[in-house]
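Below is the file target09.csv, which contains CSV, C-alpha atoms (C1' of nucleotides).
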```csv
chain,number,residue,atom,x,y,z
I,400,MET,CA,-91.6,-59.0,-24.7
I,401,LYS,CA,-89.5,-61.7,-23.2
I,402,TYR,CA,-90.6,-64.6,-25.3
I,403,THR,CA,-93.6,-65.9,-27.2
I,404,SER,CA,-92.9,-69.6,-27.2
I,405,THR,CA,-94.7,-71.9,-24.8
I,406,ILE,CA,-93.6,-75.2,-23.5
I,407,ASN,CA,-95.0,-77.9,-21.2
I,408,ILE,CA,-93.5,-76.6,-18.0
I,409,PRO,CA,-94.2,-79.5,-15.6
I,410,GLN,CA,-92.9,-82.0,-18.2
I,411,PHE,CA,-89.8,-79.9,-18.9
I,412,GLN,CA,-89.1,-79.7,-15.1
I,413,GLU,CA,-89.5,-83.4,-14.7
I,414,ASP,CA,-87.3,-84.3,-17.7
I,415,LEU,CA,-84.6,-81.9,-16.7
I,416,ILE,CA,-84.5,-83.0,-13.0
I,417,THR,CA,-84.7,-86.7,-13.8
I,418,TRP,CA,-81.7,-86.3,-16.2
I,419,PHE,CA,-79.8,-84.3,-13.6
I,420,GLU,CA,-80.4,-86.8,-10.8
I,421,LYS,CA,-79.1,-89.6,-13.0
I,422,GLU,CA,-76.3,-87.9,-14.9
I,423,GLN,CA,-74.9,-85.3,-12.6
I,424,ARG,CA,-71.2,-85.3,-12.0
I,425,GLN,CA,-70.0,-86.4,-8.6
I,426,LEU,CA,-68.3,-83.2,-7.3
I,427,PRO,CA,-66.9,-82.6,-3.9
I,428,TRP,CA,-69.3,-79.7,-3.2
I,429,ARG,CA,-72.2,-81.9,-4.0
I,430,GLU,CA,-71.5,-84.3,-1.0
I,431,ASN,CA,-73.9,-82.4,1.2
I,432,GLN,CA,-75.9,-79.1,1.4
I,433,ASP,CA,-73.6,-77.4,3.8
I,434,PRO,CA,-74.2,-73.7,3.0
I,435,TYR,CA,-70.6,-72.8,3.6
I,436,ARG,CA,-69.3,-75.4,1.2
I,437,VAL,CA,-71.9,-74.4,-1.4
I,438,TRP,CA,-70.9,-70.8,-1.0
I,439,VAL,CA,-67.1,-71.5,-1.4
I,440,SER,CA,-67.7,-73.6,-4.4
I,441,GLU,CA,-69.9,-71.0,-6.1
I,442,ILE,CA,-67.3,-68.3,-5.5
I,443,MET,CA,-64.6,-70.5,-7.0
I,444,LEU,CA,-66.7,-71.5,-9.9
I,445,GLN,CA,-67.2,-67.9,-11.0
I,446,GLN,CA,-65.7,-67.7,-14.5
I,447,THR,CA,-63.8,-70.8,-13.8
I,448,LYS,CA,-64.1,-74.4,-15.1
I,449,VAL,CA,-65.2,-77.2,-12.8
I,450,ASP,CA,-62.0,-79.2,-13.6
I,451,THR,CA,-59.9,-76.3,-12.4
I,452,VAL,CA,-61.8,-75.8,-9.3
I,453,ILE,CA,-62.0,-79.3,-7.9
I,454,PRO,CA,-58.4,-79.5,-6.5
I,455,TYR,CA,-58.6,-76.0,-5.1
I,456,PHE,CA,-61.9,-76.7,-3.4
I,457,GLN,CA,-60.6,-79.9,-1.8
I,458,ASN,CA,-57.4,-78.2,-0.6
I,459,PHE,CA,-59.4,-75.1,0.6
I,460,MET,CA,-61.7,-77.3,2.7
I,461,GLU,CA,-58.8,-79.1,4.3
I,462,HIS,CA,-57.3,-75.8,5.4
I,463,PHE,CA,-60.6,-74.0,6.2
I,464,PRO,CA,-63.2,-76.7,6.9
I,465,THR,CA,-65.7,-74.4,8.5
I,466,LEU,CA,-66.9,-70.9,8.1
I,467,THR,CA,-65.4,-70.0,11.5
I,468,ALA,CA,-62.1,-71.5,10.5
I,469,LEU,CA,-62.0,-69.3,7.4
I,470,ALA,CA,-63.1,-66.2,9.3
I,471,GLU,CA,-60.2,-66.7,11.8
I,472,ALA,CA,-57.6,-67.6,9.2
I,473,ASN,CA,-54.6,-65.5,8.2
I,474,GLU,CA,-55.4,-63.6,5.0
I,475,GLN,CA,-52.1,-64.5,3.5
I,476,LYS,CA,-52.8,-68.2,4.0
I,477,VAL,CA,-56.2,-67.7,2.4
I,478,LEU,CA,-54.6,-66.1,-0.6
I,479,LYS,CA,-52.0,-68.9,-0.7
I,480,ALA,CA,-54.8,-71.4,-1.0
I,481,TRP,CA,-56.2,-69.4,-3.9
I,482,GLU,CA,-52.9,-69.1,-5.6
I,483,GLY,CA,-53.2,-69.8,-9.3
I,484,LEU,CA,-57.0,-69.7,-9.3
I,485,GLY,CA,-57.2,-66.1,-10.4
I,486,TYR,CA,-59.6,-63.3,-9.6
I,487,TYR,CA,-58.0,-62.9,-6.2
I,488,SER,CA,-60.4,-60.3,-4.9
I,489,ARG,CA,-62.9,-63.3,-4.7
I,490,ALA,CA,-60.8,-64.7,-1.9
I,491,ARG,CA,-60.5,-61.4,0.0
I,492,ASN,CA,-64.2,-60.7,-0.5
I,493,LEU,CA,-65.1,-64.2,0.6
I,494,GLN,CA,-63.2,-63.8,3.9
I,495,THR,CA,-64.6,-60.4,4.5
I,496,ALA,CA,-68.1,-61.8,4.0
I,497,VAL,CA,-67.4,-64.8,6.2
I,498,LYS,CA,-66.2,-62.5,9.0
I,499,GLU,CA,-69.4,-60.6,8.6
I,500,VAL,CA,-71.5,-63.7,8.9
I,501,VAL,CA,-69.7,-64.6,12.1
I,502,ALA,CA,-70.2,-61.1,13.5
I,503,GLN,CA,-73.8,-60.5,12.4
I,504,TYR,CA,-75.4,-63.9,12.0
I,505,ASP,CA,-73.8,-66.1,14.6
I,506,ALA,CA,-71.6,-67.8,12.1
I,507,LYS,CA,-74.6,-69.2,10.2
I,508,VAL,CA,-75.0,-68.4,6.5
I,509,PRO,CA,-78.2,-66.3,6.2
I,510,ASN,CA,-81.0,-67.7,4.1
I,511,ASP,CA,-82.5,-64.2,3.5
I,512,PRO,CA,-82.0,-62.8,0.0
I,513,LYS,CA,-81.3,-59.3,1.2
I,514,GLN,CA,-78.9,-60.3,3.9
I,515,LEU,CA,-77.0,-62.6,1.4
I,516,ALA,CA,-76.9,-59.8,-1.2
I,517,ASP,CA,-75.2,-57.5,1.2
I,518,LEU,CA,-72.3,-59.9,1.6
I,519,LYS,CA,-69.1,-58.9,-0.2
I,520,GLY,CA,-68.7,-61.0,-3.4
I,521,VAL,CA,-72.2,-62.3,-3.4
I,522,GLY,CA,-74.0,-61.0,-6.4
I,523,PRO,CA,-77.3,-62.0,-8.0
I,524,TYR,CA,-76.1,-65.3,-9.3
I,525,THR,CA,-74.3,-66.5,-6.2
I,526,LYS,CA,-77.2,-65.4,-4.0
I,527,GLY,CA,-79.6,-67.5,-6.0
I,528,ALA,CA,-77.3,-70.4,-6.1
I,529,ILE,CA,-76.9,-70.5,-2.3
I,530,LEU,CA,-80.6,-70.0,-1.8
I,531,SER,CA,-81.6,-72.8,-4.1
I,532,ILE,CA,-78.8,-75.3,-3.6
I,533,ALA,CA,-78.2,-74.9,0.1
I,534,PHE,CA,-81.7,-73.9,1.3
I,535,ASP,CA,-84.0,-75.3,-1.4
I,536,LYS,CA,-85.6,-72.0,-2.1
I,537,ALA,CA,-87.2,-71.4,-5.5
I,538,GLU,CA,-84.9,-68.5,-6.5
I,539,PRO,CA,-83.3,-68.0,-9.9
I,540,ALA,CA,-79.5,-68.5,-10.3
I,541,VAL,CA,-78.8,-67.1,-13.7
I,542,ASP,CA,-75.3,-67.6,-15.1
I,543,GLY,CA,-74.0,-67.9,-18.6
I,544,ASN,CA,-75.2,-71.6,-18.9
I,545,VAL,CA,-78.7,-70.7,-17.8
I,546,MET,CA,-79.0,-67.9,-20.3
I,547,ARG,CA,-77.6,-70.1,-23.1
I,548,VAL,CA,-79.9,-73.1,-22.3
I,549,LEU,CA,-83.1,-71.1,-21.8
I,550,SER,CA,-82.4,-68.9,-24.8
I,551,ARG,CA,-82.5,-72.0,-26.9
I,552,ILE,CA,-85.3,-73.8,-25.1
I,553,LEU,CA,-87.6,-70.8,-25.4
I,554,ARG,CA,-85.9,-69.2,-28.5
I,555,ILE,CA,-85.2,-66.0,-26.7
I,556,GLU,CA,-83.3,-63.7,-29.0
I,557,GLU,CA,-82.0,-61.2,-26.6
I,558,ASP,CA,-78.3,-60.2,-26.4
I,559,ILE,CA,-76.9,-62.1,-23.5
I,560,ALA,CA,-73.8,-59.8,-23.5
I,561,LYS,CA,-76.0,-57.0,-22.1
I,562,ALA,CA,-76.0,-56.7,-18.3
I,563,LYS,CA,-79.7,-56.1,-18.1
I,564,THR,CA,-80.5,-59.3,-20.0
I,565,ARG,CA,-79.8,-61.3,-16.8
I,566,LYS,CA,-82.8,-59.8,-15.3
I,567,THR,CA,-84.9,-60.9,-18.2
I,568,PHE,CA,-83.8,-64.5,-17.6
I,569,GLU,CA,-84.4,-64.2,-13.9
I,570,SER,CA,-87.9,-63.4,-14.7
I,571,VAL,CA,-88.0,-66.4,-17.1
I,572,VAL,CA,-86.7,-68.7,-14.5
I,573,ARG,CA,-89.3,-67.6,-12.0
I,574,ASP,CA,-91.9,-68.7,-14.6
I,575,VAL,CA,-90.4,-72.1,-15.2
I,576,ILE,CA,-88.6,-73.1,-12.0
I,577,SER,CA,-89.6,-76.2,-10.1
I,578,GLU,CA,-91.0,-75.2,-6.7
I,579,GLU,CA,-90.7,-78.8,-5.6
I,580,ASN,CA,-87.0,-79.2,-6.4
I,581,PRO,CA,-85.4,-75.8,-7.2
I,582,SER,CA,-82.0,-77.1,-6.4
I,583,ALA,CA,-82.0,-79.9,-8.9
I,584,PHE,CA,-83.7,-77.6,-11.4
I,585,ASN,CA,-81.2,-74.8,-11.2
I,586,GLN,CA,-78.2,-77.2,-11.1
I,587,GLY,CA,-79.8,-79.2,-13.9
I,588,LEU,CA,-79.9,-76.1,-16.2
I,589,MET,CA,-76.2,-75.4,-15.5
I,590,GLU,CA,-75.2,-79.0,-15.8
I,591,LEU,CA,-77.0,-79.3,-19.1
I,592,GLY,CA,-75.2,-76.2,-20.3
I,593,ALA,CA,-71.9,-77.6,-19.3
I,594,LEU,CA,-72.3,-81.1,-20.7
I,595,VAL,CA,-74.9,-81.0,-23.5
I,596,CYS,CA,-76.2,-77.6,-24.4
I,597,THR,CA,-72.7,-76.3,-25.0
I,598,PRO,CA,-71.8,-73.0,-26.7
I,599,LYS,CA,-70.5,-74.6,-29.8
I,600,LYS,CA,-71.9,-77.8,-31.3
I,601,PRO,CA,-74.6,-78.6,-28.7
I,602,SER,CA,-75.4,-82.3,-28.5
I,603,CYS,CA,-79.0,-81.9,-29.2
I,604,LEU,CA,-79.5,-85.6,-30.2
I,605,LEU,CA,-78.5,-86.6,-26.7
I,606,CYS,CA,-80.5,-83.8,-25.0
I,607,PRO,CA,-83.0,-84.9,-22.3
I,608,VAL,CA,-85.2,-81.9,-23.0
I,609,GLN,CA,-84.9,-81.9,-26.8
I,610,GLU,CA,-88.6,-82.3,-27.2
I,611,HIS,CA,-89.2,-79.0,-25.4
I,612,CYS,CA,-86.6,-77.0,-27.3
I,613,VAL,CA,-88.0,-74.4,-29.6
I,614,ALA,CA,-84.6,-73.5,-31.1
I,615,PHE,CA,-84.0,-77.2,-32.0
I,616,SER,CA,-87.5,-77.6,-33.4
I,617,ASP,CA,-87.0,-74.4,-35.5
I,618,GLY,CA,-83.4,-75.5,-36.5
I,619,VAL,CA,-81.8,-72.4,-35.0
I,620,GLU,CA,-80.0,-73.9,-32.0
I,621,GLN,CA,-76.6,-73.1,-33.5
I,622,SER,CA,-77.3,-69.4,-33.8
I,623,LEU,CA,-78.4,-69.0,-30.2
I,624,PRO,CA,-77.8,-67.5,-27.8
I,625,ILE,CA,-77.3,-64.1,-29.4
I,626,LYS,CA,-74.2,-62.6,-28.0
I,627,LYS,CA,-72.9,-59.4,-29.6
I,628,LYS,CA,-69.2,-59.0,-29.5
I,629,LYS,CA,-67.8,-56.1,-27.6
I,630,ILE,CA,-66.1,-53.9,-30.1
I,631,LYS,CA,-63.4,-51.7,-28.8
I,632,GLN,CA,-64.3,-48.1,-29.8
I,633,SER,CA,-60.7,-47.5,-30.8
I,634,LEU,CA,-59.6,-44.0,-31.6
I,635,HIS,CA,-57.6,-43.4,-34.8
I,636,THR,CA,-55.9,-40.1,-35.1
I,637,TYR,CA,-54.7,-38.9,-38.5
I,638,PHE,CA,-53.3,-35.8,-40.2
I,639,VAL,CA,-55.3,-34.9,-43.3
I,640,LEU,CA,-53.2,-33.0,-45.9
I,641,VAL,CA,-55.3,-30.7,-48.0
I,642,VAL,CA,-52.5,-30.0,-50.6
I,643,GLN,CA,-53.2,-27.1,-52.9
I,644,ASP,CA,-50.8,-26.1,-55.6
I,645,ASP,CA,-50.2,-22.6,-57.0
I,646,ALA,CA,-52.8,-23.2,-59.7
I,647,GLY,CA,-55.4,-23.8,-57.0
I,648,ASN,CA,-55.8,-27.5,-57.6
I,649,TYR,CA,-56.1,-30.1,-54.8
I,650,LEU,CA,-54.8,-33.6,-54.4
I,651,LEU,CA,-57.2,-36.4,-53.7
I,652,GLU,CA,-56.4,-40.1,-53.1
I,653,GLN,CA,-58.6,-43.2,-53.6
I,654,ARG,CA,-59.0,-45.6,-50.7
I,655,PRO,CA,-58.1,-49.3,-51.1
I,656,ASP,CA,-60.9,-51.3,-52.8
I,657,GLN,CA,-61.3,-53.5,-49.7
I,658,GLY,CA,-62.3,-52.5,-46.2
I,659,LEU,CA,-63.6,-49.3,-44.6
I,660,LEU,CA,-65.0,-46.8,-47.1
I,661,ALA,CA,-63.6,-48.8,-50.0
I,662,GLN,CA,-62.8,-46.9,-53.2
I,663,LEU,CA,-64.0,-43.6,-51.9
I,664,TRP,CA,-61.9,-40.5,-52.4
I,665,GLN,CA,-60.3,-38.4,-49.7
I,666,PHE,CA,-57.7,-35.8,-49.0
I,667,PRO,CA,-54.4,-37.7,-48.3
I,668,MET,CA,-54.3,-39.0,-44.8
I,669,VAL,CA,-51.4,-40.2,-42.7
I,670,LYS,CA,-51.7,-41.8,-39.3
I,671,ALA,CA,-50.6,-39.4,-36.6
I,672,ASP,CA,-48.4,-42.0,-35.0
I,673,GLU,CA,-46.5,-42.5,-38.2
I,674,VAL,CA,-45.2,-39.0,-38.7
I,675,ASP,CA,-44.4,-36.3,-36.2
I,676,GLU,CA,-46.3,-33.1,-36.7
I,677,LYS,CA,-43.2,-31.0,-37.0
I,678,HIS,CA,-42.0,-33.2,-39.8
I,679,LEU,CA,-45.2,-32.9,-41.7
I,680,SER,CA,-43.8,-30.3,-44.0
I,681,ALA,CA,-40.8,-32.5,-44.9
I,682,TYR,CA,-43.1,-35.4,-45.3
I,683,VAL,CA,-45.2,-33.5,-47.9
I,684,GLN,CA,-42.1,-32.3,-49.8
I,685,GLU,CA,-40.6,-35.8,-49.9
I,686,LYS,CA,-43.9,-37.6,-50.8
I,687,PHE,CA,-45.1,-35.3,-53.5
I,688,ASP,CA,-41.8,-33.7,-54.6
I,689,VAL,CA,-42.9,-30.1,-54.1
I,690,ASN,CA,-41.9,-27.2,-51.9
I,691,VAL,CA,-44.2,-26.3,-49.1
I,692,VAL,CA,-44.9,-22.6,-49.0
I,693,GLU,CA,-47.4,-22.5,-46.1
I,694,MET,CA,-49.1,-24.9,-43.7
I,695,LYS,CA,-52.2,-23.8,-41.8
I,696,ASP,CA,-54.6,-25.6,-39.5
I,697,LEU,CA,-58.2,-26.1,-40.5
I,698,GLU,CA,-60.9,-27.2,-38.1
I,699,PRO,CA,-60.3,-30.7,-36.9
I,700,VAL,CA,-63.0,-33.2,-37.8
I,701,LYS,CA,-64.2,-36.1,-35.6
I,702,HIS,CA,-66.2,-38.9,-37.2
I,703,VAL,CA,-67.7,-41.8,-35.3
I,704,PHE,CA,-68.1,-45.1,-37.2
I,705,SER,CA,-69.9,-48.1,-35.8
I,706,HIS,CA,-66.7,-49.7,-34.5
I,707,LEU,CA,-64.1,-46.9,-34.5
I,708,THR,CA,-63.6,-43.2,-34.3
I,709,TRP,CA,-61.5,-41.0,-36.6
I,710,PHE,CA,-60.0,-37.8,-35.2
I,711,LEU,CA,-58.7,-35.8,-38.2
I,712,ASN,CA,-56.2,-33.0,-37.7
I,713,VAL,CA,-56.6,-31.1,-40.9
I,714,LYS,CA,-53.7,-29.2,-42.5
I,715,HIS,CA,-54.1,-26.9,-45.4
I,716,VAL,CA,-50.8,-27.1,-47.3
I,717,THR,CA,-49.9,-24.6,-50.0
I,718,VAL,CA,-47.2,-25.9,-52.3
I,719,LYS,CA,-45.2,-24.8,-55.3
I,720,GLY,CA,-43.6,-26.7,-58.1
I,721,ASP,CA,-44.6,-29.6,-60.4
I,722,MET,CA,-46.3,-32.1,-58.3
I,723,THR,CA,-45.6,-35.8,-58.5
I,724,VAL,CA,-49.0,-37.5,-58.4
I,725,PRO,CA,-48.9,-41.1,-57.3
I,726,GLY,CA,-51.0,-43.7,-59.1
I,727,HIS,CA,-53.9,-43.8,-56.7
I,728,MET,CA,-54.2,-40.0,-56.6
I,729,GLU,CA,-55.7,-37.3,-58.7
I,730,HIS,CA,-55.0,-33.7,-59.1
I,731,LEU,CA,-58.3,-31.8,-59.2
I,732,SER,CA,-59.8,-28.4,-59.2
I,733,LYS,CA,-62.2,-27.5,-56.4
I,734,GLU,CA,-65.1,-27.9,-58.9
I,735,GLU,CA,-63.9,-31.3,-60.2
I,736,ILE,CA,-63.8,-32.7,-56.6
I,737,LYS,CA,-67.6,-32.5,-56.6
I,738,GLN,CA,-67.7,-35.4,-59.1
I,739,TYR,CA,-65.9,-37.7,-56.7
I,740,PRO,CA,-67.5,-39.7,-53.9
I,741,LEU,CA,-66.1,-38.5,-50.5
I,742,PRO,CA,-66.8,-39.9,-47.0
I,743,VAL,CA,-68.8,-37.6,-44.8
I,744,SER,CA,-65.8,-36.7,-42.8
I,745,HIS,CA,-64.0,-35.4,-45.9
I,746,GLN,CA,-67.1,-33.6,-47.2
I,747,ASN,CA,-66.9,-31.7,-43.9
I,748,ILE,CA,-63.3,-30.8,-44.7
I,749,TYR,CA,-64.3,-29.8,-48.3
I,750,LYS,CA,-66.8,-27.4,-46.9
I,751,GLN,CA,-64.0,-25.5,-45.1
I,752,LEU,CA,-62.2,-24.8,-48.5
A,220,DG,C1',-73.6,-49.5,-18.0
A,221,DA,C1',-68.8,-50.3,-19.2
A,222,DC,C1',-64.6,-51.9,-17.5
A,223,DG,C1',-61.0,-54.5,-15.0
A,224,DC,C1',-60.0,-58.5,-12.9
A,225,DG,C1',-56.5,-64.3,-13.9
A,226,DT,C1',-56.0,-68.5,-15.7
A,227,DG,C1',-56.0,-72.5,-18.8
A,228,DG,C1',-58.1,-74.9,-22.7
A,229,DC,C1',-59.5,-74.9,-27.2
A,230,DA,C1',-59.9,-74.2,-32.4
E,217,DT,C1',-51.0,-67.2,-33.3
E,218,DT,C1',-54.8,-65.1,-31.5
E,219,DG,C1',-59.1,-64.7,-30.0
E,220,DC,C1',-62.7,-66.6,-27.3
E,221,DC,C1',-64.5,-68.7,-23.7
E,222,DA,C1',-65.8,-70.4,-18.4
E,223,DA,C1',-71.1,-71.5,-12.5
E,224,DG,C1',-69.7,-63.0,-12.0
E,225,DC,C1',-68.7,-59.2,-9.1
E,226,DG,C1',-67.3,-54.5,-7.6
E,227,DT,C1',-66.6,-50.1,-9.0
```

Please lay out the structure from this file as structure tokens.
Amino acid sequence: MKYTSTINIPQFQEDLITWFEKEQRQLPWRENQDPYRVWVSEIMLQQTKVDTVIPYFQNFMEHFPTLTALAEANEQKVLKAWEGLGYYSRARNLQTAVKEVVAQYDAKVPNDPKQLADLKGVGPYTKGAILSIAFDKAEPAVDGNVMRVLSRILRIEEDIAKAKTRKTFESVVRDVISEENPSAFNQGLMELGALVCTPKKPSCLLCPVQEHCVAFSDGVEQSLPIKKKKIKQSLHTYFVLVVQDDAGNYLLEQRPDQGLLAQLWQFPMVKADEVDEKHLSAYVQEKFDVNVVEMKDLEPVKHVFSHLTWFLNVKHVTVKGDMTVPGHMEHLSKEEIKQYPLPVSHQNIYKQL
DNA sequence: GACGCGTGGCA
DNA sequence: TTGCCAAGCGT
């Protein structure tokens, strides 16, 4: 289910478009509907702020005022005009696409969605932006602003970090877009997202469509949109030291009382990047003041947490001598260990004993 | 579907 | 300081 809320769509369209016509910023690419200029501006605006783009756009148009001029330009000169703007493949792809338009479409930007989509650097958003802004076609142009604004207006609680969520919002836009003025409607959504319905602290009291906004009405506008953070699935590699003395007892350590697996017990662990494997024996002798008699590999254990992965190289270490037991550790028989709470990964080690 | 791609502004 | 973001796209 996309959403369950309902709004007065014609009134929403009118309020949004009226606000956009009155409050829109005067930007160089809004001087006319030239598809080439719209196209260049949309490419430059990808992941880039308006204020950053303005001087680049003006300079670019002076150097390459027409689609044909850009197609015939020296690539190095194009890149020079892009210098500092970032994402340089945008510039190369744009010139590739412009050459394609010259060759295939008589130097006229196509207004066919499929033909546009085949152009290098023109994805779903840019395609919709060109179709609606340059050609007045009622096509969705869903960017981050649109997802944020509509997730609030309709209280759509989907994760906008997921790629496929864009399609959900394209479908939503098809439901609510103004067929009469899709250009102002699409731009109005984006302009509203940039000026009013901002990611942090949206200016709801000034919002021209406040009365349509379900999130505002429900008091949840601050917690939308839902955007789950990408968590690096980092890999943490350890040596696990199953230290057994000549009486058959094992060493267990308690984890810190904050953080991952707080206060649980485990066989002593050392990060693999903190001690070289060939120095493990010396490490054990030094740390526990014992003589290492034998060291044998047990089966390694892999454990996946929600946000990280442990890879545990397990060493069974037989020692001799009176062991120095640090404060956060215990010296326990195999039977006594059963009384202690272990993480699953260390239960899997215990099973090997 | 996840990742790399640039840069500048902001808290 | 460090993360997070800002009109995405290609691979």

Just to confirm, what's the straight-line distance from CA of Lys421 in chain I to CA of Arg554 in chain I in Å (one decimal)?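 CA of Arg554 in chain I lies at a distance of 26.5 Å from CA of Lys421 in chain I.
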
At most 6 Å to chain I: residues in chain A, all atoms listed in the file, as a PyMOL selection string: chain A and resi 224-226

Need to verify the contact set: Gln457 in chain I, 9 Å, only C-alpha atoms (C1' of nucleotides), exclusion of same-chain residues closer than 5 positions in sequence. Can you return it as a PyMOL selection string? chain I and resi 427-428+452+462

Written selection (C-alpha atoms) as an mmCIF file, in the frame of the given file:
```
data_model
loop_
_atom_site.group_PDB
_atom_site.id
_atom_site.type_symbol
_atom_site.label_atom_id
_atom_site.label_comp_id
_atom_site.auth_asym_id
_atom_site.auth_seq_id
_atom_site.Cartn_x
_atom_site.Cartn_y
_atom_site.Cartn_z
ATOM 1 C CA PRO I 427 -66.900 -82.600 -3.900
ATOM 2 C CA TRP I 428 -69.300 -79.700 -3.200
ATOM 3 C CA VAL I 452 -61.800 -75.800 -9.300
ATOM 4 C CA HIS I 462 -57.300 -75.800 5.400
#
```

Can you work out the spacing between CA of Val683 in chain I and CA of His727 in chain I in Å, to one decimal?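 A separation of 16.1 Å between them.
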
Determine which residues of chain E sit within 7 Å of chain I, taking into account all atoms listed in the file, and present them as a PyMOL selection string. chain E and resi 222-225

Export C-alpha atoms (C1' of nucleotides) of the chosen residues as a compact mmCIF listing (two decimals), keeping the file's coordinate frame?
```txt
# COMPACT_ATOMS: atom_id res chain seq x y z
C1' DA E 222 -65.80 -70.40 -18.40
C1' DA E 223 -71.10 -71.50 -12.50
C1' DG E 224 -69.70 -63.00 -12.00
C1' DC E 225 -68.70 -59.20 -9.10
```

Show which residues sit within 12 Å of DT218 in chain E, as a PDB file with C-alpha atoms (C1' of nucleotides), in the frame of the given file. Count only C-alpha atoms (C1' of nucleotides), and ignore same-chain residues fewer than 2 positions away.
```
ATOM      1  C1'  DC A 229     -59.500 -74.900 -27.200  1.00  0.00           C
ATOM      2  C1'  DA A 230     -59.900 -74.200 -32.400  1.00  0.00           C
TER       3       DA A 230
ATOM      4  C1'  DC E 220     -62.700 -66.600 -27.300  1.00  0.00           C
TER       5       DC E 220
END
```

Could you name the residues that touch range 667-671 of chain I at 12 Å or less, counting all atoms listed in the file, but leaving out those on the same chain fewer than 2 positions away, as a PyMOL selection string? chain I and resi 634-643+649-654+663-665+673-679+682-683+686-687+709-716+724-725+727-730+741+744-745+748

Store the residues picked out above, limited to C-alpha atoms, as an mmCIF file, in the coordinates of the input.
```
data_model
loop_
_atom_site.group_PDB
_atom_site.id
_atom_site.type_symbol
_atom_site.label_atom_id
_atom_site.label_comp_id
_atom_site.auth_asym_id
_atom_site.auth_seq_id
_atom_site.Cartn_x
_atom_site.Cartn_y
_atom_site.Cartn_z
ATOM 1 C CA LEU I 634 -59.600 -44.000 -31.600
ATOM 2 C CA HIS I 635 -57.600 -43.400 -34.800
ATOM 3 C CA THR I 636 -55.900 -40.100 -35.100
ATOM 4 C CA TYR I 637 -54.700 -38.900 -38.500
ATOM 5 C CA PHE I 638 -53.300 -35.800 -40.200
ATOM 6 C CA VAL I 639 -55.300 -34.900 -43.300
ATOM 7 C CA LEU I 640 -53.200 -33.000 -45.900
ATOM 8 C CA VAL I 641 -55.300 -30.700 -48.000
ATOM 9 C CA VAL I 642 -52.500 -30.000 -50.600
ATOM 10 C CA GLN I 643 -53.200 -27.100 -52.900
ATOM 11 C CA TYR I 649 -56.100 -30.100 -54.800
ATOM 12 C CA LEU I 650 -54.800 -33.600 -54.400
ATOM 13 C CA LEU I 651 -57.200 -36.400 -53.700
ATOM 14 C CA GLU I 652 -56.400 -40.100 -53.100
ATOM 15 C CA GLN I 653 -58.600 -43.200 -53.600
ATOM 16 C CA ARG I 654 -59.000 -45.600 -50.700
ATOM 17 C CA LEU I 663 -64.000 -43.600 -51.900
ATOM 18 C CA TRP I 664 -61.900 -40.500 -52.400
ATOM 19 C CA GLN I 665 -60.300 -38.400 -49.700
ATOM 20 C CA GLU I 673 -46.500 -42.500 -38.200
ATOM 21 C CA VAL I 674 -45.200 -39.000 -38.700
ATOM 22 C CA ASP I 675 -44.400 -36.300 -36.200
ATOM 23 C CA GLU I 676 -46.300 -33.100 -36.700
ATOM 24 C CA LYS I 677 -43.200 -31.000 -37.000
ATOM 25 C CA HIS I 678 -42.000 -33.200 -39.800
ATOM 26 C CA LEU I 679 -45.200 -32.900 -41.700
ATOM 27 C CA TYR I 682 -43.100 -35.400 -45.300
ATOM 28 C CA VAL I 683 -45.200 -33.500 -47.900
ATOM 29 C CA LYS I 686 -43.900 -37.600 -50.800
ATOM 30 C CA PHE I 687 -45.100 -35.300 -53.500
ATOM 31 C CA TRP I 709 -61.500 -41.000 -36.600
ATOM 32 C CA PHE I 710 -60.000 -37.800 -35.200
ATOM 33 C CA LEU I 711 -58.700 -35.800 -38.200
ATOM 34 C CA ASN I 712 -56.200 -33.000 -37.700
ATOM 35 C CA VAL I 713 -56.600 -31.100 -40.900
ATOM 36 C CA LYS I 714 -53.700 -29.200 -42.500
ATOM 37 C CA HIS I 715 -54.100 -26.900 -45.400
ATOM 38 C CA VAL I 716 -50.800 -27.100 -47.300
ATOM 39 C CA VAL I 724 -49.000 -37.500 -58.400
ATOM 40 C CA PRO I 725 -48.900 -41.100 -57.300
ATOM 41 C CA HIS I 727 -53.900 -43.800 -56.700
ATOM 42 C CA MET I 728 -54.200 -40.000 -56.600
ATOM 43 C CA GLU I 729 -55.700 -37.300 -58.700
ATOM 44 C CA HIS I 730 -55.000 -33.700 -59.100
ATOM 45 C CA LEU I 741 -66.100 -38.500 -50.500
ATOM 46 C CA SER I 744 -65.800 -36.700 -42.800
ATOM 47 C CA HIS I 745 -64.000 -35.400 -45.900
ATOM 48 C CA ILE I 748 -63.300 -30.800 -44.700
#
```

If we count only C-alpha atoms (C1' of nucleotides) and set the cut-off at 12 Å, which residues sit around range 570-572 of chain I, ignoring sequence neighbours fewer than 2 positions away in its own chain? Please answer as number ranges by chain. I: 400-405, 408, 412, 527, 537-542, 545-546, 548-550, 552-555, 563-568, 574-578, 581, 584-585, 588

In Å to one decimal, how far is CA of Leu478 in chain I from CA of Pro509 in chain I?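 Computing the Euclidean distance for CA of Pro509 in chain I and CA of Leu478 in chain I yields 24.6 Å.
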
Hey, could you pull the box centre and edge lengths for range 619-629 of chain I, axis-aligned, 3 Å padding per side, all listed atoms, to one decimal in Å, as JSON?
```
{"center_x": -74.8, "center_y": -65.0, "center_z": -31.3, "size_x": 20.0, "size_y": 23.8, "size_z": 13.4}
```

Between I:Asp517, I:Glu620, I:Glu420, I:Asp505, single out the one closest to Ser602 in chain I, counting only C-alpha atoms. I:Glu620
